[in-house]
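Asker: model32.pdb is reproduced in full below (PDB, C-alpha atoms, pLDDT in the B column).
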ATOM      1  CA  THR A 184     142.301   7.564 -84.095  1.00 42.00           C
ATOM      2  CA  HIS A 185     140.310   6.365 -87.055  1.00 44.00           C
ATOM      3  CA  PHE A 186     141.699   7.300 -90.392  1.00 46.00           C
ATOM      4  CA  VAL A 187     143.136   5.567 -93.422  1.00 46.00           C
ATOM      5  CA  LEU A 188     146.803   5.961 -94.250  1.00 45.00           C
ATOM      6  CA  ALA A 189     148.375   5.851 -97.677  1.00 49.00           C
ATOM      7  CA  GLN A 190     150.785   2.981 -98.179  1.00 48.00           C
ATOM      8  CA  ASN A 191     154.160   4.731 -98.381  1.00 46.00           C
ATOM      9  CA  TYR A 192     155.913   5.154 -95.034  1.00 42.00           C
ATOM     10  CA  THR A 193     159.399   5.885 -96.393  1.00 43.00           C
ATOM     11  CA  PRO A 194     160.905   8.823 -94.490  1.00 44.00           C
ATOM     12  CA  LEU A 195     162.513  11.526 -96.569  1.00 41.00           C
ATOM     13  CA  LYS A 196     166.282  11.703 -96.610  1.00 44.00           C
ATOM     14  CA  ALA A 197     168.567  14.493 -97.760  1.00 43.00           C
ATOM     15  CA  TYR A 198     165.761  17.024 -98.197  1.00 46.00           C
ATOM     16  CA  HIS A 199     166.183  20.401 -96.562  1.00 48.00           C
ATOM     17  CA  TYR A 200     163.307  22.784 -96.107  1.00 48.00           C
ATOM     18  CA  SER A 201     163.201  26.389 -95.096  1.00 60.00           C
ATOM     19  CA  LYS A 202     161.206  27.113 -91.961  1.00 69.00           C
ATOM     20  CA  LEU A 203     157.492  27.081 -92.694  1.00 76.00           C
ATOM     21  CA  ASP A 204     154.825  28.835 -90.657  1.00 84.00           C
ATOM     22  CA  ALA A 205     152.624  26.613 -88.538  1.00 79.00           C
ATOM     23  CA  TYR A 206     149.399  27.069 -86.644  1.00 81.00           C
ATOM     24  CA  ASP A 207     149.714  26.991 -82.876  1.00 79.00           C
ATOM     25  CA  LYS A 208     147.673  27.027 -79.668  1.00 80.00           C
ATOM     26  CA  TRP A 209     146.386  30.498 -80.563  1.00 82.00           C
ATOM     27  CA  SER A 210     144.798  29.289 -83.812  1.00 83.00           C
ATOM     28  CA  SER A 211     141.257  29.509 -82.476  1.00 90.00           C
ATOM     29  CA  ALA A 212     139.612  30.226 -85.860  1.00 90.00           C
ATOM     30  CA  LEU A 213     140.862  26.945 -87.366  1.00 88.00           C
ATOM     31  CA  VAL A 214     139.966  25.024 -84.201  1.00 88.00           C
ATOM     32  CA  TYR A 215     136.465  26.522 -84.262  1.00 90.00           C
ATOM     33  CA  GLU A 216     136.101  25.608 -87.934  1.00 90.00           C
ATOM     34  CA  LEU A 217     137.033  21.984 -87.204  1.00 90.00           C
ATOM     35  CA  GLU A 218     134.588  21.813 -84.294  1.00 91.00           C
ATOM     36  CA  GLN A 219     131.798  23.145 -86.513  1.00 90.00           C
ATOM     37  CA  GLN A 220     132.777  20.660 -89.223  1.00 84.00           C
ATOM     38  CA  GLN A 221     132.572  17.860 -86.632  1.00 86.00           C
ATOM     39  CA  ASP A 222     129.051  18.874 -85.622  1.00 87.00           C
ATOM     40  CA  VAL A 223     127.855  18.953 -89.251  1.00 88.00           C
ATOM     41  CA  GLU A 224     129.390  15.538 -89.969  1.00 84.00           C
ATOM     42  CA  ILE A 225     127.791  14.022 -86.850  1.00 82.00           C
ATOM     43  CA  LYS A 226     124.368  15.340 -87.908  1.00 85.00           C
ATOM     44  CA  LEU A 227     124.823  13.893 -91.393  1.00 81.00           C
ATOM     45  CA  ALA A 228     126.054  10.572 -90.031  1.00 78.00           C
ATOM     46  CA  LYS A 229     123.071  10.278 -87.693  1.00 78.00           C
ATOM     47  CA  LYS A 230     120.798  10.486 -90.725  1.00 77.00           C
ATOM     48  CA  THR A 231     122.689   8.038 -92.908  1.00 70.00           C
ATOM     49  CA  SER A 232     124.442   5.463 -90.731  1.00 69.00           C
ATOM     50  CA  ASN A 233     123.857   3.031 -87.930  1.00 63.00           C
ATOM     51  CA  LEU A 234     127.022   4.107 -86.142  1.00 62.00           C
ATOM     52  CA  GLU A 235     126.259   3.714 -82.447  1.00 63.00           C
ATOM     53  CA  SER A 236     128.979   5.963 -81.109  1.00 65.00           C
ATOM     54  CA  PHE A 237     129.809   9.342 -82.541  1.00 76.00           C
ATOM     55  CA  GLU A 238     132.723   9.610 -80.122  1.00 76.00           C
ATOM     56  CA  ILE A 239     134.988   8.663 -83.031  1.00 78.00           C
ATOM     57  CA  TYR A 240     134.171  11.990 -84.715  1.00 79.00           C
ATOM     58  CA  ARG A 241     135.028  13.844 -81.517  1.00 83.00           C
ATOM     59  CA  GLN A 242     138.284  11.912 -81.136  1.00 85.00           C
ATOM     60  CA  THR A 243     139.246  12.772 -84.704  1.00 85.00           C
ATOM     61  CA  THR A 244     138.585  16.459 -84.112  1.00 88.00           C
ATOM     62  CA  GLN A 245     140.525  16.379 -80.840  1.00 91.00           C
ATOM     63  CA  TYR A 246     143.482  14.737 -82.591  1.00 91.00           C
ATOM     64  CA  LEU A 247     143.491  17.394 -85.315  1.00 91.00           C
ATOM     65  CA  ILE A 248     143.228  20.157 -82.699  1.00 90.00           C
ATOM     66  CA  TYR A 249     146.156  18.578 -80.859  1.00 93.00           C
ATOM     67  CA  LEU A 250     148.225  18.692 -84.071  1.00 93.00           C
ATOM     68  CA  ILE A 251     147.266  22.327 -84.652  1.00 92.00           C
ATOM     69  CA  GLN A 252     147.998  23.468 -81.109  1.00 92.00           C
ATOM     70  CA  ASN A 253     151.364  21.716 -81.126  1.00 91.00           C
ATOM     71  CA  GLY A 254     152.576  23.416 -84.299  1.00 91.00           C
ATOM     72  CA  GLN A 255     152.328  20.331 -86.510  1.00 92.00           C
ATOM     73  CA  ILE A 256     149.902  21.820 -89.067  1.00 93.00           C
ATOM     74  CA  LEU A 257     151.419  24.235 -91.531  1.00 93.00           C
ATOM     75  CA  ASN A 258     149.926  27.656 -92.168  1.00 92.00           C
ATOM     76  CA  GLU A 259     151.187  28.184 -95.702  1.00 89.00           C
ATOM     77  CA  PRO A 260     148.550  30.045 -97.751  1.00 90.00           C
ATOM     78  CA  SER A 261     150.237  29.373-101.108  1.00 89.00           C
ATOM     79  CA  LEU A 262     150.255  25.586-100.537  1.00 90.00           C
ATOM     80  CA  THR A 263     146.773  25.578 -99.065  1.00 91.00           C
ATOM     81  CA  SER A 264     145.523  27.609-102.027  1.00 92.00           C
ATOM     82  CA  LEU A 265     147.087  25.157-104.477  1.00 93.00           C
ATOM     83  CA  LEU A 266     145.500  22.174-102.701  1.00 95.00           C
ATOM     84  CA  ASP A 267     142.118  23.907-102.574  1.00 94.00           C
ATOM     85  CA  GLU A 268     142.409  24.693-106.300  1.00 94.00           C
ATOM     86  CA  ILE A 269     143.178  21.043-107.114  1.00 95.00           C
ATOM     87  CA  LYS A 270     140.316  19.895-104.863  1.00 94.00           C
ATOM     88  CA  ALA A 271     137.944  22.285-106.631  1.00 94.00           C
ATOM     89  CA  GLU A 272     139.002  20.919-110.033  1.00 94.00           C
ATOM     90  CA  LEU A 273     138.458  17.338-108.851  1.00 93.00           C
ATOM     91  CA  VAL A 274     135.015  18.123-107.446  1.00 92.00           C
ATOM     92  CA  GLU A 275     134.023  20.133-110.522  1.00 93.00           C
ATOM     93  CA  SER A 276     135.079  17.272-112.808  1.00 92.00           C
ATOM     94  CA  ASN A 277     133.267  14.747-110.608  1.00 89.00           C
ATOM     95  CA  PRO A 278     130.190  16.554-109.253  1.00 86.00           C
ATOM     96  CA  ALA A 279     128.743  13.379-107.725  1.00 87.00           C
ATOM     97  CA  ILE A 280     131.569  12.979-105.196  1.00 86.00           C
ATOM     98  CA  LYS A 281     131.441  14.203-101.615  1.00 85.00           C
ATOM     99  CA  SER A 282     133.843  17.068-101.346  1.00 86.00           C
ATOM    100  CA  PRO A 283     136.240  16.922 -98.414  1.00 86.00           C
ATOM    101  CA  ARG A 284     135.631  19.648 -95.890  1.00 87.00           C
ATOM    102  CA  LYS A 285     139.196  20.647 -95.087  1.00 91.00           C
ATOM    103  CA  ILE A 286     142.705  19.935 -96.347  1.00 95.00           C
ATOM    104  CA  LEU A 287     145.501  20.391 -93.848  1.00 95.00           C
ATOM    105  CA  ILE A 288     149.251  20.102 -94.369  1.00 95.00           C
ATOM    106  CA  LYS A 289     151.187  18.294 -91.670  1.00 95.00           C
ATOM    107  CA  ASN A 290     154.761  19.259 -90.940  1.00 93.00           C
ATOM    108  CA  SER A 291     156.197  15.785 -91.421  1.00 91.00           C
ATOM    109  CA  GLY A 292     158.869  14.494 -93.770  1.00 89.00           C
ATOM    110  CA  PHE A 293     157.112  11.153 -94.209  1.00 90.00           C
ATOM    111  CA  LYS A 294     155.578  10.639 -97.650  1.00 92.00           C
ATOM    112  CA  ASN A 295     152.022  10.074 -96.495  1.00 93.00           C
ATOM    113  CA  ALA A 296     148.462  11.341 -96.634  1.00 93.00           C
ATOM    114  CA  SER A 297     145.362  10.378 -94.684  1.00 90.00           C
ATOM    115  CA  ALA A 298     141.625  10.857 -94.753  1.00 89.00           C
ATOM    116  CA  PHE A 299     139.650  11.349 -91.559  1.00 85.00           C
ATOM    117  CA  ILE A 300     136.066  10.417 -90.786  1.00 82.00           C
ATOM    118  CA  ASP A 301     135.069  14.080 -90.393  1.00 83.00           C
ATOM    119  CA  GLY A 302     135.987  14.976 -93.983  1.00 85.00           C
ATOM    120  CA  THR A 303     139.477  16.315 -93.298  1.00 90.00           C
ATOM    121  CA  ILE A 304     142.375  15.294 -95.492  1.00 93.00           C
ATOM    122  CA  LEU A 305     145.854  15.545 -94.030  1.00 93.00           C
ATOM    123  CA  ILE A 306     148.805  15.640 -96.428  1.00 95.00           C
ATOM    124  CA  ASN A 307     152.367  15.559 -95.145  1.00 94.00           C
ATOM    125  CA  ILE A 308     154.718  18.205 -96.497  1.00 94.00           C
ATOM    126  CA  GLY A 309     157.164  15.391 -97.289  1.00 92.00           C
ATOM    127  CA  LEU A 310     154.708  13.917 -99.772  1.00 93.00           C
ATOM    128  CA  LEU A 311     154.038  17.294-101.366  1.00 93.00           C
ATOM    129  CA  ALA A 312     157.769  17.988-101.599  1.00 91.00           C
ATOM    130  CA  THR A 313     158.371  14.835-103.624  1.00 92.00           C
ATOM    131  CA  ALA A 314     155.411  15.226-105.992  1.00 91.00           C
ATOM    132  CA  GLN A 315     156.665  15.805-109.510  1.00 91.00           C
ATOM    133  CA  SER A 316     153.583  17.557-110.838  1.00 91.00           C
ATOM    134  CA  LYS A 317     150.186  18.991-110.038  1.00 92.00           C
ATOM    135  CA  ASP A 318     148.724  15.774-111.502  1.00 93.00           C
ATOM    136  CA  GLU A 319     150.531  13.672-108.888  1.00 93.00           C
ATOM    137  CA  VAL A 320     149.092  15.859-106.136  1.00 94.00           C
ATOM    138  CA  ALA A 321     145.644  15.516-107.744  1.00 94.00           C
ATOM    139  CA  PHE A 322     146.019  11.725-107.724  1.00 94.00           C
ATOM    140  CA  ILE A 323     146.920  11.762-104.017  1.00 94.00           C
ATOM    141  CA  LEU A 324     143.961  13.999-103.214  1.00 94.00           C
ATOM    142  CA  ALA A 325     141.613  11.862-105.332  1.00 93.00           C
ATOM    143  CA  HIS A 326     142.731   8.753-103.449  1.00 92.00           C
ATOM    144  CA  GLU A 327     142.008  10.337-100.070  1.00 92.00           C
ATOM    145  CA  ILE A 328     138.729  11.867-101.286  1.00 92.00           C
ATOM    146  CA  ALA A 329     137.647   8.364-102.360  1.00 89.00           C
ATOM    147  CA  HIS A 330     138.060   7.133 -98.767  1.00 86.00           C
ATOM    148  CA  TYR A 331     135.772   9.930 -97.597  1.00 86.00           C
ATOM    149  CA  HIS A 332     133.283   9.664-100.484  1.00 82.00           C
ATOM    150  CA  PHE A 333     132.813   5.901-100.174  1.00 83.00           C
ATOM    151  CA  ASN A 334     132.477   6.132 -96.377  1.00 77.00           C
ATOM    152  CA  HIS A 335     135.413   3.789 -95.796  1.00 66.00           C
ATOM    153  CA  LEU A 336     136.137   5.490 -92.487  1.00 69.00           C
ATOM    154  CA  GLN A 337     132.529   5.395 -91.343  1.00 69.00           C
ATOM    155  CA  ARG A 338     132.339   1.692 -92.233  1.00 65.00           C
ATOM    156  CA  GLN A 339     135.503   1.012 -90.224  1.00 69.00           C
ATOM    157  CA  ALA A 340     134.005   2.882 -87.275  1.00 63.00           C
ATOM    158  CA  ILE A 341     130.737   0.921 -87.501  1.00 61.00           C
ATOM    159  CA  LYS A 342     132.630  -2.363 -87.707  1.00 67.00           C
ATOM    160  CA  PHE A 343     134.856  -1.382 -84.790  1.00 64.00           C
ATOM    161  CA  THR A 344     132.036  -0.257 -82.490  1.00 64.00           C
ATOM    162  CA  SER A 345     129.772  -3.207 -83.287  1.00 62.00           C
ATOM    163  CA  ARG A 346     132.623  -5.648 -82.659  1.00 64.00           C
ATOM    164  CA  ALA A 347     133.714  -3.834 -79.492  1.00 61.00           C
ATOM    165  CA  ASN A 348     130.159  -4.008 -78.147  1.00 62.00           C
ATOM    166  CA  SER A 349     129.586  -7.644 -79.121  1.00 67.00           C
ATOM    167  CA  ARG A 350     128.692 -10.130 -76.410  1.00 73.00           C
ATOM    168  CA  PRO A 351     131.824 -12.326 -76.936  1.00 72.00           C
ATOM    169  CA  VAL A 352     134.186  -9.368 -76.589  1.00 66.00           C
ATOM    170  CA  ILE A 353     132.370  -7.982 -73.549  1.00 69.00           C
ATOM    171  CA  ASN A 354     132.364 -11.405 -71.894  1.00 73.00           C
ATOM    172  CA  LYS A 355     136.095 -11.775 -72.406  1.00 70.00           C
ATOM    173  CA  LEU A 356     136.833  -8.229 -71.196  1.00 69.00           C
ATOM    174  CA  ASN A 357     134.714  -8.820 -68.081  1.00 73.00           C
ATOM    175  CA  LYS A 358     137.155 -11.581 -67.143  1.00 74.00           C
ATOM    176  CA  ILE A 359     139.994  -9.076 -66.625  1.00 72.00           C
ATOM    177  CA  PRO A 360     138.935  -7.689 -63.200  1.00 74.00           C
ATOM    178  CA  GLU A 361     138.128 -11.219 -62.066  1.00 75.00           C
ATOM    179  CA  GLY A 362     141.602 -12.446 -63.080  1.00 77.00           C
ATOM    180  CA  ARG A 363     140.114 -15.154 -65.300  1.00 79.00           C
ATOM    181  CA  MET A 364     141.259 -13.968 -68.734  1.00 72.00           C
ATOM    182  CA  THR A 365     143.150 -16.683 -70.600  1.00 79.00           C
ATOM    183  CA  LEU A 366     145.715 -16.289 -73.346  1.00 80.00           C
ATOM    184  CA  GLU A 367     143.048 -17.393 -75.848  1.00 80.00           C
ATOM    185  CA  ASP A 368     140.674 -14.692 -74.544  1.00 73.00           C
ATOM    186  CA  LEU A 369     143.388 -12.080 -74.920  1.00 72.00           C
ATOM    187  CA  GLN A 370     144.190 -13.200 -78.467  1.00 76.00           C
ATOM    188  CA  TYR A 371     140.483 -13.055 -79.372  1.00 70.00           C
ATOM    189  CA  VAL A 372     140.144  -9.501 -78.060  1.00 66.00           C
ATOM    190  CA  GLN A 373     143.383  -8.432 -79.774  1.00 67.00           C
ATOM    191  CA  GLY A 374     142.056  -9.873 -83.038  1.00 66.00           C
ATOM    192  CA  TRP A 375     139.302  -7.313 -83.364  1.00 60.00           C
TER
END
Once more with this new file: its structure as structure tokens, please.

Answerer:
Amino acid sequence: THFVLAQNYTPLKAYHYSKLDAYDKWSSALVYELEQQQDVEIKLAKKTSNLESFEIYRQTTQYLIYLIQNGQILNEPSLTSLLDEIKAELVESNPAIKSPRKILIKNSGFKNASAFIDGTILINIGLLATAQSKDEVAFILAHEIAHYHFNHLQRQAIKFTSRANSRPVINKLNKIPEGRMTLEDLQYVQGW
């Protein structure tokens, strides 16, 4: 998947949470919303980028749907409302920024957040649980919104697809079925 992770991977210890509601395989409204969001983002990207493959958008949406259908995305209206309120304040204070399309809360104790190419921001409940204030949550959201606004994810996708489709990489990959790939070829391909 193509998304940018925040830098803190420390798992939470000694925190106990009550059971939170999660979306599941019957959450068709949220899945539909993400699919529609994907289509809008692909149309916008076609107008503004030279990204050759829009499969990355589809893969992102499929990953998010997988998380939803496997009960890993929390359905907590009070938390979602708070995040949407903070997002609205950020966008109102900075009207020139691209507003993220959706904020989802992942049921994970890791202190982490990520931005996806389709405009979705995923914040782990572990990160929210350790935030000391609304301002800290706003900072986290602003960081992830910046990835989306500045097209960091789209640039990574363009770089990845152009490198993957480059003549040197294709030549080296074509050696695999022929049994001619050397260790140097493998290291070159792994490098991209």

Asker: I would like the residues chosen by the PyMOL selection byres ((chain A and resi 263-272) around 12) on the shown file; could you give them as a ChimeraX atom specification?

Answerer: /A:256-262,273-278,280-289,304-306,308,311,316-328

Asker: Pick out the residues sitting within 10 Å of Ser211 (chain A), and hand them over as a list in words; count all atoms listed in the file, and ignore anything fewer than 4 positions along from it in its own chain.

Answerer: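 In the requested format, the answer is Tyr206, Asp207, Tyr215, Glu216, Leu217, Ile248, Ile251 and Gln252 of chain A.
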
Asker: Once you have the residues from the selection above, write them out as an mmCIF file, in the frame of the given file, restricted to C-alpha atoms.

Answerer:
data_model
loop_
_atom_site.group_PDB
_atom_site.id
_atom_site.type_symbol
_atom_site.label_atom_id
_atom_site.label_comp_id
_atom_site.auth_asym_id
_atom_site.auth_seq_id
_atom_site.Cartn_x
_atom_site.Cartn_y
_atom_site.Cartn_z
ATOM 1 C CA TYR A 206 149.399 27.069 -86.644
ATOM 2 C CA ASP A 207 149.714 26.991 -82.876
ATOM 3 C CA TYR A 215 136.465 26.522 -84.262
ATOM 4 C CA GLU A 216 136.101 25.608 -87.934
ATOM 5 C CA LEU A 217 137.033 21.984 -87.204
ATOM 6 C CA ILE A 248 143.228 20.157 -82.699
ATOM 7 C CA ILE A 251 147.266 22.327 -84.652
ATOM 8 C CA GLN A 252 147.998 23.468 -81.109
#

Asker: Go ahead and compute the interatomic distance for CA of Ala205 (chain A) and CA of Gly254 (chain A), in Å to one decimal.

Answerer: 5.3 Å

Asker: Of the residues A:Leu247, A:Gln242, A:Lys230, A:Glu224, which is the one nearest to Lys208 (chain A), using only C-alpha atoms?

Answerer: A:Leu247

Asker: Given 3 Å on each side, where is the centre and what are the edge lengths in Å to one decimal of the axis-aligned box enclosing the listed atoms of region 236-250 of chain A, as JSON?

Answerer:
{"center_x": 138.6, "center_y": 13.1, "center_z": -82.7, "size_x": 25.2, "size_y": 20.2, "size_z": 11.2}
